[in-house]
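Structure file final.tsv with TSV, C-alpha atoms:
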```tsv
chain	number	residue	atom	x	y	z
O	245	MET	CA	4.41	-2.66	-28.30
O	246	ASN	CA	7.06	-5.21	-27.48
O	247	GLU	CA	8.12	-6.51	-24.08
O	248	SER	CA	11.20	-4.32	-23.72
O	249	THR	CA	9.23	-1.17	-24.56
O	250	LEU	CA	6.62	-2.07	-22.00
O	251	THR	CA	9.39	-2.57	-19.46
O	252	ARG	CA	10.85	0.85	-20.29
O	253	LEU	CA	7.44	2.41	-19.80
O	254	LYS	CA	7.03	0.65	-16.48
O	255	ILE	CA	10.40	1.97	-15.39
O	256	ILE	CA	9.31	5.52	-16.22
O	257	VAL	CA	6.30	5.01	-13.98
O	258	GLU	CA	8.24	3.23	-11.28
O	259	ARG	CA	10.77	6.05	-10.90
O	260	SER	CA	7.97	8.32	-9.78
O	261	VAL	CA	5.78	5.92	-7.85
O	262	ARG	CA	8.28	3.75	-5.98
O	263	PRO	CA	9.54	6.43	-3.54
O	264	VAL	CA	6.01	7.50	-2.62
O	265	ARG	CA	5.06	6.56	0.94
O	266	ALA	CA	1.58	5.16	0.54
O	267	SER	CA	-0.32	1.93	1.03
O	268	VAL	CA	0.12	-0.99	-1.33
O	269	TYR	CA	-3.38	-0.43	-2.72
O	270	CYS	CA	-2.80	3.25	-3.34
O	271	LYS	CA	0.53	2.66	-5.11
O	272	ARG	CA	-0.93	-0.12	-7.21
O	273	LYS	CA	-3.67	2.26	-8.32
O	274	MET	CA	-1.07	4.92	-9.21
O	275	ARG	CA	1.11	2.44	-11.07
O	276	GLU	CA	-1.68	1.03	-13.17
O	277	GLU	CA	-3.19	4.37	-14.05
O	278	LEU	CA	0.15	5.98	-14.87
O	279	LEU	CA	1.15	2.99	-16.97
O	280	ALA	CA	-2.07	3.26	-18.95
O	281	HIS	CA	-1.21	6.93	-19.45
O	282	VAL	CA	2.38	6.48	-20.61
O	283	SER	CA	1.34	3.59	-22.85
O	284	ALA	CA	-1.23	5.81	-24.55
O	285	VAL	CA	1.27	8.67	-24.85
O	286	PHE	CA	3.85	6.30	-26.30
O	287	GLU	CA	1.36	5.10	-28.90
O	288	GLU	CA	0.55	8.68	-29.81
O	289	GLU	CA	4.22	9.58	-30.16
O	290	SER	CA	5.03	6.41	-32.10
O	291	VAL	CA	2.43	7.36	-34.69
O	292	LYS	CA	3.78	10.91	-34.85
O	293	LEU	CA	7.51	10.14	-34.87
O	294	GLY	CA	7.53	6.68	-36.38
O	295	GLU	CA	10.51	5.62	-34.29
O	296	GLU	CA	10.32	3.71	-31.04
O	297	GLN	CA	13.35	5.17	-29.29
O	298	ALA	CA	12.37	8.74	-30.08
O	299	ALA	CA	8.82	8.02	-28.99
O	300	LEU	CA	10.07	6.68	-25.67
O	301	GLU	CA	12.21	9.75	-25.06
O	302	ARG	CA	9.34	12.02	-25.94
O	303	THR	CA	7.01	10.06	-23.62
O	304	GLU	CA	9.48	10.49	-20.78
O	305	LEU	CA	9.78	14.20	-21.48
O	306	ARG	CA	6.03	14.70	-21.56
O	307	PHE	CA	5.59	12.76	-18.35
O	308	GLY	CA	7.84	15.18	-16.45
O	309	ASN	CA	10.60	15.05	-13.89
O	310	PRO	CA	10.17	11.93	-11.72
O	311	VAL	CA	11.49	13.63	-8.57
O	312	GLU	CA	8.97	16.46	-8.86
O	313	LEU	CA	6.20	14.05	-9.65
O	314	THR	CA	7.08	11.88	-6.67
O	315	SER	CA	6.79	14.84	-4.34
O	316	GLU	CA	3.50	15.90	-5.93
O	317	LEU	CA	2.14	12.39	-5.64
O	318	GLN	CA	3.29	12.23	-2.04
O	319	GLU	CA	1.39	15.42	-1.27
O	320	SER	CA	-1.74	13.90	-2.73
O	321	VAL	CA	-1.56	10.86	-0.42
O	322	SER	CA	-3.97	11.17	2.48
O	323	ALA	CA	-2.84	10.95	6.11
O	324	ARG	CA	-4.97	7.83	6.47
O	325	ASP	CA	-3.02	6.17	3.70
O	326	VAL	CA	0.34	7.09	5.24
O	327	ILE	CA	-0.78	5.51	8.54
O	328	LEU	CA	-1.92	2.43	6.63
O	329	GLN	CA	1.47	2.26	4.94
O	330	PHE	CA	3.18	2.42	8.34
O	331	PHE	CA	1.21	-0.58	9.56
O	332	GLU	CA	1.76	-2.45	6.31
O	333	SER	CA	5.48	-1.89	6.48
O	334	SER	CA	5.47	-2.97	10.12
O	335	THR	CA	3.50	-6.12	9.58
O	336	LEU	CA	4.05	-7.21	5.98
O	337	ARG	CA	7.68	-6.38	5.35
O	338	HIS	CA	9.59	-9.11	7.05
O	339	SER	CA	13.28	-9.06	7.72
O	340	ASN	CA	15.51	-12.09	7.55
O	341	SER	CA	15.65	-12.46	11.29
O	342	THR	CA	12.77	-14.02	13.19
O	343	PHE	CA	13.80	-12.02	16.24
O	344	HIS	CA	13.62	-8.72	14.35
O	345	ARG	CA	10.23	-9.70	13.02
O	346	ALA	CA	9.04	-10.58	16.51
O	347	VAL	CA	10.32	-7.25	17.85
O	348	ARG	CA	8.60	-5.36	15.06
O	349	ASN	CA	5.31	-7.16	15.53
O	350	ALA	CA	5.55	-6.60	19.29
O	351	SER	CA	6.19	-2.88	18.70
O	352	VAL	CA	3.03	-2.60	16.62
O	353	ALA	CA	1.13	-4.51	19.32
O	354	LEU	CA	2.58	-2.22	22.00
O	355	PHE	CA	1.41	0.83	20.08
O	356	ALA	CA	-2.08	-0.62	19.65
O	357	SER	CA	-2.18	-1.76	23.25
O	358	SER	CA	-1.09	1.67	24.56
O	359	VAL	CA	-3.74	3.41	22.51
O	360	LEU	CA	-6.40	0.97	23.72
O	361	PHE	CA	-5.53	0.61	27.41
O	362	LEU	CA	-3.67	3.67	28.65
O	363	PRO	CA	-6.40	6.30	28.17
O	364	PRO	CA	-9.07	4.28	30.09
O	365	LEU	CA	-6.56	3.44	32.84
O	366	PHE	CA	-5.61	7.08	33.14
O	367	TRP	CA	-9.24	8.17	33.05
O	368	GLN	CA	-10.22	5.74	35.82
O	369	ALA	CA	-7.12	6.59	37.91
O	370	ARG	CA	-5.87	2.99	37.70
O	371	MET	CA	-2.42	3.77	36.41
O	372	LYS	CA	-0.83	1.27	38.79
O	373	GLU	CA	-2.24	-1.40	36.47
O	374	TRP	CA	-0.15	-0.11	33.56
O	375	PRO	CA	1.79	-3.41	33.12
O	376	VAL	CA	-1.35	-4.79	31.43
O	377	VAL	CA	-0.26	-2.76	28.39
O	378	PHE	CA	2.62	-5.18	27.91
O	379	ALA	CA	0.47	-8.32	27.89
O	380	LEU	CA	-0.42	-8.10	24.20
O	381	PRO	CA	3.09	-7.21	22.93
O	382	VAL	CA	4.67	-10.03	24.94
O	383	PHE	CA	2.05	-12.44	23.60
O	384	VAL	CA	2.65	-11.28	20.01
O	385	PHE	CA	6.42	-11.50	20.46
O	386	CYS	CA	6.26	-15.07	21.75
O	387	LEU	CA	3.67	-16.07	19.17
O	388	THR	CA	5.82	-14.79	16.29
O	389	LEU	CA	8.87	-16.67	17.56
O	390	LEU	CA	6.97	-19.88	18.23
O	391	ALA	CA	5.10	-19.79	14.92
O	392	ASP	CA	8.37	-19.38	13.05
O	393	TRP	CA	10.07	-22.13	15.02
O	394	MET	CA	7.11	-24.40	14.37
O	395	ARG	CA	7.34	-23.67	10.67
O	396	GLN	CA	11.08	-24.36	10.75
O	397	ALA	CA	10.44	-27.64	12.54
O	398	LEU	CA	7.77	-28.78	10.10
O	399	ASP	CA	8.79	-27.18	6.82
O	400	GLY	CA	12.41	-26.20	7.32
O	401	PRO	CA	15.15	-26.89	4.75
O	402	SER	CA	16.53	-29.71	6.90
O	403	GLY	CA	13.24	-31.56	6.68
O	404	ARG	CA	10.52	-32.24	9.20
O	405	SER	CA	11.63	-32.69	12.79
O	406	TRP	CA	8.91	-33.97	15.08
O	407	PHE	CA	11.21	-33.65	18.09
O	408	ARG	CA	11.65	-29.91	17.54
O	409	ALA	CA	7.98	-29.56	16.71
O	410	THR	CA	7.11	-31.19	20.05
O	411	LEU	CA	9.37	-28.80	21.94
O	412	VAL	CA	7.77	-25.81	20.23
O	413	ALA	CA	4.34	-27.31	20.87
O	414	PHE	CA	5.14	-27.26	24.59
O	415	GLY	CA	5.99	-23.59	24.20
O	416	PHE	CA	2.63	-23.00	22.54
O	417	TRP	CA	0.90	-24.97	25.26
O	418	PHE	CA	2.29	-22.77	28.02
O	419	LEU	CA	1.96	-19.49	26.11
O	420	VAL	CA	-1.60	-18.56	27.09
O	421	PRO	CA	-1.48	-19.92	30.68
O	422	GLY	CA	1.97	-18.36	31.18
O	423	GLU	CA	0.76	-15.00	29.97
O	424	THR	CA	-2.34	-15.28	32.16
O	425	PHE	CA	-0.19	-16.14	35.16
O	426	ALA	CA	2.05	-13.11	34.53
O	427	VAL	CA	-0.91	-10.74	34.21
O	428	LEU	CA	-2.59	-12.12	37.37
O	429	LEU	CA	0.67	-11.90	39.27
O	430	THR	CA	1.08	-8.27	38.24
O	431	TYR	CA	-2.40	-7.50	39.53
O	432	SER	CA	-2.45	-9.49	42.76
O	433	GLY	CA	1.23	-9.95	43.65
O	434	ASP	CA	0.24	-13.35	44.97
O	435	ALA	CA	2.04	-16.14	43.09
O	436	ARG	CA	0.06	-18.97	44.69
O	437	SER	CA	-3.35	-17.55	43.90
O	438	SER	CA	-2.22	-16.64	40.37
O	439	LEU	CA	-1.04	-20.20	39.85
O	440	MET	CA	-4.32	-21.59	41.12
O	441	HIS	CA	-6.23	-19.40	38.66
O	442	MET	CA	-3.94	-20.36	35.80
O	443	LEU	CA	-4.04	-24.15	36.28
O	444	PRO	CA	-7.58	-24.71	34.92
O	445	LEU	CA	-6.41	-23.20	31.65
O	446	LEU	CA	-3.74	-25.82	31.08
O	447	PRO	CA	-5.93	-28.63	29.67
O	448	TRP	CA	-7.60	-26.22	27.25
O	449	ALA	CA	-4.31	-24.61	26.27
O	450	VAL	CA	-3.25	-27.90	24.68
O	451	LEU	CA	-5.51	-26.90	21.79
O	452	THR	CA	-3.10	-24.09	20.89
O	453	PRO	CA	-0.26	-26.32	19.61
O	454	VAL	CA	-2.79	-28.64	17.97
O	455	PHE	CA	-4.24	-25.67	16.12
O	456	PHE	CA	-0.84	-24.44	14.99
O	457	VAL	CA	0.37	-27.86	13.87
O	458	PHE	CA	-2.87	-28.33	11.93
O	459	LEU	CA	-2.45	-24.91	10.38
O	460	ALA	CA	1.17	-25.53	9.46
O	461	ILE	CA	0.56	-28.94	7.89
O	462	TRP	CA	-2.85	-28.75	6.28
O	463	GLY	CA	-4.06	-25.23	6.55
O	464	VAL	CA	-2.42	-22.26	4.90
O	465	PRO	CA	0.82	-21.79	3.02
O	466	PRO	CA	3.82	-21.34	5.29
O	467	SER	CA	4.18	-17.71	6.26
O	468	SER	CA	7.77	-17.61	5.07
O	469	ALA	CA	6.70	-18.67	1.59
O	470	LEU	CA	4.34	-15.74	1.53
O	471	ILE	CA	7.20	-13.57	2.73
O	472	GLU	CA	9.48	-14.96	0.05
O	473	SER	CA	6.91	-14.43	-2.66
O	474	GLY	CA	6.31	-10.91	-1.40
O	475	ARG	CA	10.04	-10.31	-1.41
O	476	ALA	CA	10.30	-11.68	-4.94
O	477	ARG	CA	7.50	-9.37	-6.03
O	478	ARG	CA	9.20	-6.38	-4.43
O	479	SER	CA	12.53	-7.25	-6.00
O	480	VAL	CA	10.85	-7.32	-9.40
O	481	GLU	CA	9.18	-4.00	-8.68
O	482	THR	CA	12.36	-2.35	-7.52
O	483	SER	CA	14.69	-3.81	-10.11
O	484	SER	CA	15.88	-1.29	-12.64
O	485	ASP	CA	16.03	-3.93	-15.36
O	486	GLN	CA	12.59	-5.34	-14.85
O	487	ALA	CA	9.37	-3.61	-14.11
O	488	PRO	CA	6.34	-4.96	-12.30
O	489	SER	CA	3.58	-6.80	-14.01
O	490	TYR	CA	0.55	-4.56	-13.64
O	491	GLY	CA	-2.86	-6.02	-13.42
O	492	ASP	CA	-1.54	-9.36	-12.22
O	493	PRO	CA	-2.88	-10.33	-8.82
O	494	CYS	CA	-0.50	-10.01	-5.91
O	495	PRO	CA	1.66	-13.17	-5.68
O	496	CYS	CA	0.90	-13.44	-1.97
O	497	ALA	CA	-2.80	-13.54	-2.66
O	498	LYS	CA	-2.29	-15.97	-5.50
O	499	LEU	CA	-0.26	-18.31	-3.31
O	500	ALA	CA	-2.72	-18.17	-0.48
O	501	ARG	CA	-5.72	-18.74	-2.73
O	502	SER	CA	-5.52	-22.37	-3.65
O	503	TRP	CA	-4.82	-25.64	-1.95
O	504	GLN	CA	-2.27	-26.60	-4.59
O	505	SER	CA	-0.25	-23.47	-4.06
O	506	ARG	CA	0.75	-24.73	-0.60
O	507	ASP	CA	3.19	-27.17	-2.21
O	508	ARG	CA	4.65	-24.45	-4.37
O	509	CYS	CA	5.20	-22.37	-1.25
O	510	ARG	CA	7.01	-25.20	0.45
O	511	LYS	CA	9.28	-25.59	-2.55
O	512	GLU	CA	10.10	-21.90	-2.30
O	513	VAL	CA	11.03	-22.36	1.33
O	514	ASP	CA	13.22	-25.32	0.51
O	515	LYS	CA	15.05	-23.30	-2.10
S	20	MET	CA	2.66	34.26	-27.59
S	21	GLU	CA	4.63	32.68	-24.76
S	22	ALA	CA	3.46	29.30	-23.48
S	23	ILE	CA	1.81	29.07	-20.05
S	24	SER	CA	3.48	26.51	-17.84
S	25	GLY	CA	4.72	25.56	-14.35
S	26	ASP	CA	4.14	28.15	-11.63
S	27	LYS	CA	1.61	30.14	-13.63
S	28	LEU	CA	-0.69	27.13	-13.73
S	29	ARG	CA	-0.20	26.13	-10.12
S	30	GLY	CA	-3.25	26.83	-8.03
S	31	HIS	CA	-5.56	26.77	-11.03
S	32	LEU	CA	-5.01	23.25	-12.25
S	33	GLU	CA	-7.72	21.70	-10.12
S	34	THR	CA	-10.36	24.21	-11.24
S	35	MET	CA	-9.25	23.69	-14.83
S	36	ILE	CA	-9.68	19.94	-14.46
S	37	LEU	CA	-13.14	20.40	-12.97
S	38	SER	CA	-13.99	22.65	-15.88
S	39	THR	CA	-12.96	20.04	-18.45
S	40	LEU	CA	-14.97	17.41	-16.65
S	41	GLU	CA	-18.02	19.60	-16.94
S	42	GLN	CA	-18.03	18.60	-20.61
S	43	GLY	CA	-18.56	15.00	-19.59
S	44	GLU	CA	-16.83	12.10	-17.85
S	45	THR	CA	-13.56	10.96	-19.32
S	46	HIS	CA	-10.12	9.48	-18.61
S	47	SER	CA	-7.02	11.46	-17.70
S	48	LEU	CA	-5.40	11.63	-21.13
S	49	GLU	CA	-8.58	13.01	-22.60
S	50	ILE	CA	-8.64	15.62	-19.82
S	51	LEU	CA	-5.18	16.68	-20.98
S	52	HIS	CA	-6.32	16.82	-24.58
S	53	ARG	CA	-9.30	18.94	-23.61
S	54	LEU	CA	-7.02	21.28	-21.65
S	55	GLU	CA	-4.66	21.58	-24.60
S	56	GLU	CA	-7.51	22.28	-26.96
S	57	SER	CA	-8.98	24.93	-24.68
S	58	GLY	CA	-5.54	26.47	-24.20
S	59	CYS	CA	-5.00	26.82	-27.98
S	60	GLY	CA	-1.76	24.86	-27.67
S	61	LEU	CA	-0.26	27.39	-25.26
S	62	LEU	CA	-0.66	25.33	-22.12
S	63	ARG	CA	2.53	23.44	-21.26
S	64	LEU	CA	1.67	20.94	-18.58
S	65	LYS	CA	3.94	18.17	-17.35
S	66	GLU	CA	1.50	15.36	-17.85
S	67	GLY	CA	2.39	13.53	-14.67
S	68	SER	CA	1.30	16.58	-12.64
S	69	LEU	CA	-2.27	15.93	-13.65
S	70	TYR	CA	-2.51	12.83	-11.47
S	71	PRO	CA	-1.72	14.33	-8.07
S	72	ALA	CA	-4.34	16.98	-8.81
S	73	LEU	CA	-6.85	14.31	-9.80
S	74	TYR	CA	-6.11	12.32	-6.63
S	75	ARG	CA	-6.59	15.41	-4.49
S	76	LEU	CA	-9.90	16.13	-6.18
S	77	GLU	CA	-10.96	12.53	-5.69
S	78	ALA	CA	-9.98	12.57	-2.02
S	79	ALA	CA	-11.98	15.77	-1.57
S	80	GLY	CA	-15.00	14.10	-3.19
S	81	GLU	CA	-15.04	16.64	-6.01
S	82	VAL	CA	-14.56	14.02	-8.70
S	83	LYS	CA	-15.48	10.37	-8.74
S	84	ALA	CA	-13.30	7.79	-10.47
S	85	VAL	CA	-14.06	4.28	-11.64
S	86	TRP	CA	-11.80	1.83	-13.40
S	87	GLU	CA	-12.76	1.19	-16.97
S	88	THR	CA	-14.05	-2.31	-17.51
S	89	LYS	CA	-11.90	-3.14	-20.54
S	90	PRO	CA	-8.12	-2.82	-20.20
S	91	HIS	CA	-6.71	-0.14	-22.43
S	92	GLY	CA	-3.16	-1.35	-22.92
S	93	ARG	CA	-1.36	-4.62	-22.43
S	94	ARG	CA	-1.15	-6.57	-19.20
S	95	GLY	CA	-4.34	-5.10	-17.91
S	96	ALA	CA	-3.21	-1.49	-17.51
S	97	ARG	CA	-6.61	0.09	-17.12
S	98	ARG	CA	-7.58	3.73	-17.21
S	99	ARG	CA	-9.79	5.44	-14.70
S	100	ILE	CA	-12.81	7.35	-15.80
S	101	TYR	CA	-13.36	10.58	-13.91
S	102	CYS	CA	-16.62	12.41	-13.51
S	103	LEU	CA	-17.70	15.53	-11.72
S	104	THR	CA	-19.67	15.23	-8.49
S	105	ALA	CA	-22.16	17.72	-7.07
S	106	LYS	CA	-19.47	18.93	-4.69
S	107	GLY	CA	-17.12	19.35	-7.65
S	108	ARG	CA	-19.69	21.44	-9.48
S	109	ARG	CA	-20.03	23.73	-6.47
S	110	LYS	CA	-16.23	23.99	-6.24
S	111	LEU	CA	-16.06	24.83	-9.93
S	112	GLY	CA	-18.62	27.59	-9.47
S	113	ALA	CA	-16.67	28.98	-6.53
S	114	GLY	CA	-13.41	28.70	-8.50
S	115	ARG	CA	-14.87	30.67	-11.38
S	116	ALA	CA	-16.14	33.43	-9.09
S	117	GLU	CA	-12.75	33.56	-7.38
S	118	TRP	CA	-11.00	33.82	-10.72
S	119	GLN	CA	-13.25	36.64	-11.90
S	120	GLN	CA	-12.58	38.56	-8.73
S	121	PHE	CA	-8.83	37.94	-9.10
S	122	VAL	CA	-8.82	39.19	-12.69
S	123	ARG	CA	-10.94	42.21	-11.78
S	124	ILE	CA	-8.67	43.24	-8.92
S	125	LEU	CA	-5.38	42.61	-10.70
S	126	GLY	CA	-6.73	44.14	-13.89
S	127	GLY	CA	-7.54	47.28	-11.93
S	128	ILE	CA	-4.09	47.40	-10.39
S	129	LEU	CA	-2.31	46.78	-13.68
S	130	GLY	CA	-4.49	49.21	-15.56
S	131	ALA	CA	-5.71	46.48	-17.86
S	132	PRO	CA	-9.30	45.65	-16.85
S	133	ALA	CA	-10.74	42.41	-18.17
```
What would the structure in this file look like if it were written as structure tokens?
Amino acid sequence: MNESTLTRLKIIVERSVRPVRASVYCKRKMREELLAHVSAVFEEESVKLGEEQAALERTELRFGNPVELTSELQESVSARDVILQFFESSTLRHSNSTFHRAVRNASVALFASSVLFLPPLFWQARMKEWPVVFALPVFVFCLTLLADWMRQALDGPSGRSWFRATLVAFGFWFLVPGETFAVLLTYSGDARSSLMHMLPLLPWAVLTPVFFVFLAIWGVPPSSALIESGRARRSVETSSDQAPSYGDPCPCAKLARSWQSRDRCRKEVDK
Amino acid sequence: MEAISGDKLRGHLETMILSTLEQGETHSLEILHRLEESGCGLLRLKEGSLYPALYRLEAAGEVKAVWETKPHGRRGARRRIYCLTAKGRRKLGAGRAEWQQFVRILGGILGAPA
């Protein structure tokens, strides 16, 4: 079986699997298993018909209508998997805009926070403390923005800017104390007392920017590189000319795995 | 004789799969071959339809699937080997009883008892 035939077979599979709303794991399982199936059918038909094109057409015919199959596959996806897919799409699929990403992450955090905090508050008749639900989303929103700005400052296309990194580091420094101050103020309504409680956190909060700078420089591949690689993988999967490479590990996982891959990620960002 | 396909098979596919797996664990294409053999070539099944049924059975714990250790095709496209579980065996038994009752009742109505 040559490369172009394999691609055609992958396209047959992809037409049915791509529109299914399911988790990455579930779709990968479907893709691989269905590809193994169409490959075997193609081999059978090739032996019978002796012609590649005819065998491909016959394979497609035997496989069935992709629209019908998609809906059947969708029906077989469990509710748990659909929920998982929702969270994956909310957290893994990044848009071009940092702001949009921050809003999306904050929305997921708001959902989680509401589920976690609202029922106990309601149960204990402490609904006046409802603003606490917003603490986590606001934190996640700011963290997403700051992390991206830090990455831009350290690994951006215009090169490393320590000045910008320092500014963002100040943002990181005040993130936890600022959030604590806001929460305390919501509870007590007393700005002075809230400030007094927040101040002891300031020296410790300096560890936050240190941690993020360390992470950005020596730790893990830049998040945007992972995003880019994920995007590249998706574009390959969704392209009509090319089909995904089954059985290969996810590029995100590959990039994150080794120390050396960090440099490759940075090159991707620079591009 | 006219081939059996589409709607006529719907609702029975899962029991049919369980029945083929009673012969022993196997991969999906072999399940199809077994179905075709048992159906004397009169079963017309869109092959893709087998997978949603298999996934439903797996989710219900009626079959168990494991990836084969050696890739079957190129680029690591592996097949999954399906086998019947105890729950699947019970479901198969219930499916057979249900079918016999169905045939008995409809046979009576149509004046063509089984």
At a cut-off of 8 Å, list the chain S residues touching chain O, using only C-alpha atoms, as a PyMOL selection string. chain S and resi 47-48+65-68+70-72+74-75+78+91-92+94-99
Could you tell me which of S:Glu117, S:Gly107, S:Arg63, S:Lys83 comes closest to Glu41 of chain S if we count all atoms listed in the file? S:Gly107
Within 12 Å of Glu49 of chain S, counting all atoms listed in the file, which residues qualify if same-chain residues fewer than 4 places away don't, as a PDB file with C-alpha atoms, in the frame of the given file?
```pdb
ATOM      1  CA  HIS O 281      -1.210   6.930 -19.450  1.00  0.00           C
ATOM      2  CA  ALA O 284      -1.230   5.810 -24.550  1.00  0.00           C
ATOM      3  CA  VAL O 285       1.270   8.670 -24.850  1.00  0.00           C
TER       4      VAL O 285
ATOM      5  CA  ILE S  36      -9.680  19.940 -14.460  1.00  0.00           C
ATOM      6  CA  THR S  39     -12.960  20.040 -18.450  1.00  0.00           C
ATOM      7  CA  LEU S  40     -14.970  17.410 -16.650  1.00  0.00           C
ATOM      8  CA  GLN S  42     -18.030  18.600 -20.610  1.00  0.00           C
ATOM      9  CA  GLY S  43     -18.560  15.000 -19.590  1.00  0.00           C
ATOM     10  CA  GLU S  44     -16.830  12.100 -17.850  1.00  0.00           C
ATOM     11  CA  THR S  45     -13.560  10.960 -19.320  1.00  0.00           C
ATOM     12  CA  ARG S  53      -9.300  18.940 -23.610  1.00  0.00           C
ATOM     13  CA  LEU S  54      -7.020  21.280 -21.650  1.00  0.00           C
ATOM     14  CA  GLU S  55      -4.660  21.580 -24.600  1.00  0.00           C
ATOM     15  CA  GLU S  56      -7.510  22.280 -26.960  1.00  0.00           C
ATOM     16  CA  GLU S  66       1.500  15.360 -17.850  1.00  0.00           C
ATOM     17  CA  LEU S  69      -2.270  15.930 -13.650  1.00  0.00           C
ATOM     18  CA  ARG S  98      -7.580   3.730 -17.210  1.00  0.00           C
ATOM     19  CA  ARG S  99      -9.790   5.440 -14.700  1.00  0.00           C
ATOM     20  CA  ILE S 100     -12.810   7.350 -15.800  1.00  0.00           C
ATOM     21  CA  TYR S 101     -13.360  10.580 -13.910  1.00  0.00           C
TER      22      TYR S 101
END
```
Suppose you want the space between atom CA of Val347 of chain O and atom CA of Ala397 of chain O; what is it in Å? 21.1 Å
When you count all atoms listed in the file, which of these residues is closest to Lys106 of chain S: S:Ala131, S:Gly80, S:Phe121, S:Glu87? S:Gly80
Figure out the distance between atom CA of Leu76 of chain S and atom CA of Thr34 of chain S, please, to one decimal in Å. 9.5 Å
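Residues within 12 Å of Pro132 of chain S, counting all atoms listed in the file and excluding same-chain residues fewer than 2 positions away, are Gln119, Gln120, Phe121, Val122, Arg123, Ile124, Leu125, Gly126, Gly127, Ile128, Leu129 and Gly130 of chain S.
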Between atom CA of Ser358 of chain O and atom CA of Phe416 of chain O, what is the spacing in Å? 25.0 Å
Quick one: 4 Å padding each side, axis-aligned, all listed atoms of segment 54-68 of chain S - centre and edge lengths in Å to one decimal, as JSON?
```
{"center_x": -2.5, "center_y": 20.5, "center_z": -20.3, "size_x": 20.9, "size_y": 21.9, "size_z": 23.3}
```
